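Visitor: The structure file entry-v2.tsv (TSV, C-alpha atoms) is provided below.
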chain	number	residue	atom	x	y	z
A	1	PRO	CA	36.97	-1.28	41.62
A	2	GLY	CA	35.63	-4.73	40.71
A	3	ARG	CA	37.64	-5.00	37.46
A	4	ILE	CA	41.03	-3.97	38.87
A	5	PRO	CA	42.12	-7.51	39.91
A	6	GLU	CA	41.12	-8.86	36.50
A	7	LEU	CA	43.03	-6.12	34.70
A	8	LEU	CA	46.10	-6.78	36.85
A	9	ARG	CA	46.00	-10.50	35.96
A	10	ASN	CA	45.77	-9.61	32.25
A	11	LEU	CA	48.69	-7.22	32.63
A	12	GLU	CA	50.80	-9.89	34.38
A	13	SER	CA	50.05	-12.46	31.67
A	14	MET	CA	51.05	-9.99	28.94
A	15	ALA	CA	54.26	-9.18	30.82
A	16	GLN	CA	55.25	-12.87	30.80
A	17	MET	CA	55.05	-12.93	27.00
A	18	VAL	CA	57.38	-9.95	26.49
A	19	LYS	CA	59.91	-10.95	29.16
A	20	LEU	CA	63.40	-11.25	27.65
A	21	PRO	CA	65.61	-14.28	28.30
A	22	ILE	CA	68.66	-13.83	30.55
A	23	ARG	CA	71.87	-12.79	28.84
A	24	ARG	CA	74.54	-15.41	28.34
A	25	GLU	CA	78.19	-14.86	29.14
A	26	ARG	CA	80.48	-13.81	26.32
A	27	ALA	CA	82.94	-16.42	25.08
A	28	PHE	CA	85.45	-13.65	24.31
A	29	PRO	CA	85.02	-10.47	26.39
A	30	ARG	CA	85.20	-7.14	24.64
A	31	VAL	CA	88.57	-5.38	24.56
A	32	VAL	CA	89.71	-2.00	23.26
A	33	LYS	CA	92.05	-2.51	20.34
A	34	GLU	CA	95.18	-0.41	19.91
A	35	ARG	CA	94.89	2.16	17.14
A	36	PRO	CA	97.09	1.46	14.12
A	37	ARG	CA	99.98	3.86	13.64
A	38	LYS	CA	100.00	6.11	10.59
A	39	TYR	CA	103.75	5.89	10.11
A	40	PRO	CA	106.11	3.11	11.20
A	41	LYS	CA	108.46	3.78	14.08
A	42	ALA	CA	112.14	4.27	13.22
A	43	GLN	CA	114.14	1.31	14.51
A	44	GLY	CA	117.24	2.45	16.47
A	45	LYS	CA	117.96	5.58	14.44
A	46	SER	CA	117.86	8.96	16.11
A	47	GLN	CA	116.74	11.84	13.97
A	48	SER	CA	118.84	14.98	13.93
A	49	VAL	CA	117.27	18.43	14.14
A	50	ALA	CA	118.12	20.54	11.09
Show me, as structure tokens, the structure contained in the file I just sent.
Guide:
Amino acid sequence: PGRIPELLRNLESMAQMVKLPIRRERAFPRVVKERPRKYPKAQGKSQSVA
């Protein structure tokens, strides 16, 4: 029981060394990009069913 406070102080000092810095804001937030189309769309032409 006499060493517990000493061990806690050591643990706290080690925790300060591994503490990560706060995250900064993104300059450009992430967005989901539209998937590219495999085939181009037909412009104004309707396709007939054969």
Visitor: Could you state the separation of CA of Gly2 in chain A and CA of Met17 in chain A in Å, given to one decimal place?
Guide: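 Separation of CA of Gly2 in chain A and CA of Met17 in chain A: 25.1 Å.
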Visitor: Find the distance between CA of Lys19 in chain A and CA of Glu6 in chain A and write it in Å to one decimal.
Guide: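 Those two atoms sit 20.3 Å apart.
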Visitor: Distance CA of Arg9 in chain A-CA of Pro21 in chain A, one decimal place?
Guide: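 About the pair CA of Arg9 in chain A and CA of Pro21 in chain A: they are 21.4 Å apart.
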